[in-house]
Amino acid sequence: MTADNLVLIPGAGGVGRAVFEHLRAQDVPVRFMVRRDDERAAELRALGAEVVIGDLTRPETVAAALRGVARMHFGISVSPDQLLAATVVASVAREYGELEALVDLSQMTVSQMTATSTEESHQQRLHWLTEQMFDWSGLPVVHVRPTAFLDNPLFTTIAARSIQANGTIALPFGTGRTSPVAVDDVARTIATVLRDPAPHIGQVYELTGPRSVDMTELAAEFSRALNRPVSYVDLPLDRWEAQLPKLGMSPHLAQHVATMARLHRDNRYDRTADGVERVTGTPAMSIEAFVAARRDFYLG
């Protein structure tokens, strides 16, 4: 038997954890599938979630996790296993599952890609292929495509470090424009779909912040939120990219982040969409509001 609204979420953090908070507020039951039974798993149980141990690349554990599940959020952190995990989920769900909705967390760059484009990162290509495979599977899929996250370290920890040091945001984005979206806005969009998926099946929702800004305008929003001068410093792309491995990034993640920077510089992130408001009825959070809510974090 399948529970009418039991939701499966893989992983214990990131967007999935934020989705859980929104579902929990609406008394929607959630089952997490995590790789380790650790303190984060214990915390989720304490908050009322069911927790099972499993791995999206292992079909037998996915089948067990899907038992009794009606709806699933599919989203994992940047990983070369993205397509493998998606293929396992789709094949197991087709054979054993009874899903009425599979909500796929993709990326908005997919909206600009073709079958043969080569400018994007390996991770973005995996998202493109994941969407194709889910569509071919015949499962009841909804694709959610956010642009860059405001919660990304580029706009949070890295920005906070340079703001505290010298009042700057130093990135290699040139004059490119961007419209980052808050993780919470992405999560409440996904949660809205999971609560009542029927009207959304087959849809693709693109999510951005309320407006597209260049980096000087972005720095001005930080200035207003923090009530102190913040300016943008444009860094040479090659010099900045060379520092990524020193931050402990895997080669796959470093290639993705470096490509995001280059695409920003090439103005590929100059885009806006109303998906957040269209699905949830509430507009996406502005950069200024996001930063103001984290003022102590940015000022140290």
# chains A, B, ... in the order shown; residues from 1 in each chain; ligands from 1
$ residues_around --residues "stretch 199-209 of chain A" --least-positions-apart "5" --cutoff "8 Å" --atoms "only C-alpha atoms" --output "count of residues only"
27
$ select_by_dssp --residues "stretch 14-164 of chain A" --states "strand (DSSP E)" --output "MDAnalysis selection string"
chainID A and resid 30:34 50:53 71:74 101:105 141:146
$ write_last_selection --atoms "C-alpha atoms" --output "CSV table (one decimal), in the first residue's frame"
chain,number,residue,atom,x,y,z
A,30,VAL,CA,8.5,12.7,5.1
A,31,ARG,CA,10.9,9.7,4.8
A,32,PHE,CA,14.6,10.6,4.4
A,33,MET,CA,17.0,8.2,2.8
A,34,VAL,CA,20.5,8.9,4.1
A,50,GLU,CA,11.2,8.7,9.2
A,51,VAL,CA,14.8,7.8,8.3
A,52,VAL,CA,16.1,4.9,6.3
A,53,ILE,CA,19.6,4.0,5.3
A,71,ARG,CA,5.9,11.3,-4.0
A,72,MET,CA,9.6,11.8,-4.3
A,73,HIS,CA,11.9,14.8,-4.4
A,74,PHE,CA,15.0,13.9,-6.5
A,101,ALA,CA,4.9,12.6,-8.6
A,102,LEU,CA,8.7,12.8,-9.0
A,103,VAL,CA,10.0,16.3,-8.5
A,104,ASP,CA,13.4,16.7,-10.1
A,105,LEU,CA,15.8,19.4,-8.9
A,141,VAL,CA,7.8,14.2,-13.5
A,142,VAL,CA,8.0,17.9,-12.6
A,143,HIS,CA,11.3,19.6,-13.4
A,144,VAL,CA,12.4,22.5,-11.2
A,145,ARG,CA,15.2,24.6,-12.7
A,146,PRO,CA,16.7,27.2,-10.3
$ closest_residue --among "A:His127, A:Arg224, A:Arg278, A:Arg177" --to "A:Arg262" --atoms "only C-alpha atoms"
A:Arg177
$ atom_distance --atom1 "atom CA of A:Ser223" --atom2 "atom CA of A:Ala289"
11.5 Å
$ closest_residue --among "A:Pro197, A:Pro172, A:Gly48, A:Pro283" --to "A:Asp238" --atoms "only C-alpha atoms"
A:Pro172
$ atom_distance --atom1 "atom CA of A:Ala261" --atom2 "atom CA of A:Val291"
20.9 Å
$ atom_distance --atom1 "atom CA of A:Ala18" --atom2 "atom CA of A:Glu120"
27.3 Å
$ residues_around --residues "A:Ala165" --least-positions-apart "5" --cutoff "10 Å" --atoms "only C-alpha atoms" --output "PyMOL selection string"
chain A and resi 159-160+299
$ write_last_selection --atoms "C-alpha atoms" --output "mmCIF file, in the first residue's frame"
data_model
loop_
_atom_site.group_PDB
_atom_site.id
_atom_site.type_symbol
_atom_site.label_atom_id
_atom_site.label_comp_id
_atom_site.auth_asym_id
_atom_site.auth_seq_id
_atom_site.Cartn_x
_atom_site.Cartn_y
_atom_site.Cartn_z
ATOM 1 C CA ALA A 159 31.716 37.135 0.044
ATOM 2 C CA ALA A 160 31.572 37.454 3.850
ATOM 3 C CA LEU A 299 29.732 41.431 9.203
#
$ residues_around --residues "A:Thr168" --least-positions-apart "6" --cutoff "8 Å" --atoms "only C-alpha atoms" --output "list in words"
Ala159, Ser162, Ala219, Val230, Ser231, Tyr232 and Val233 of chain A
$ closest_residue --among "A:Thr130, A:Asn152, A:Ser106, A:Thr178" --to "A:Ile190" --atoms "only C-alpha atoms"
A:Ser106
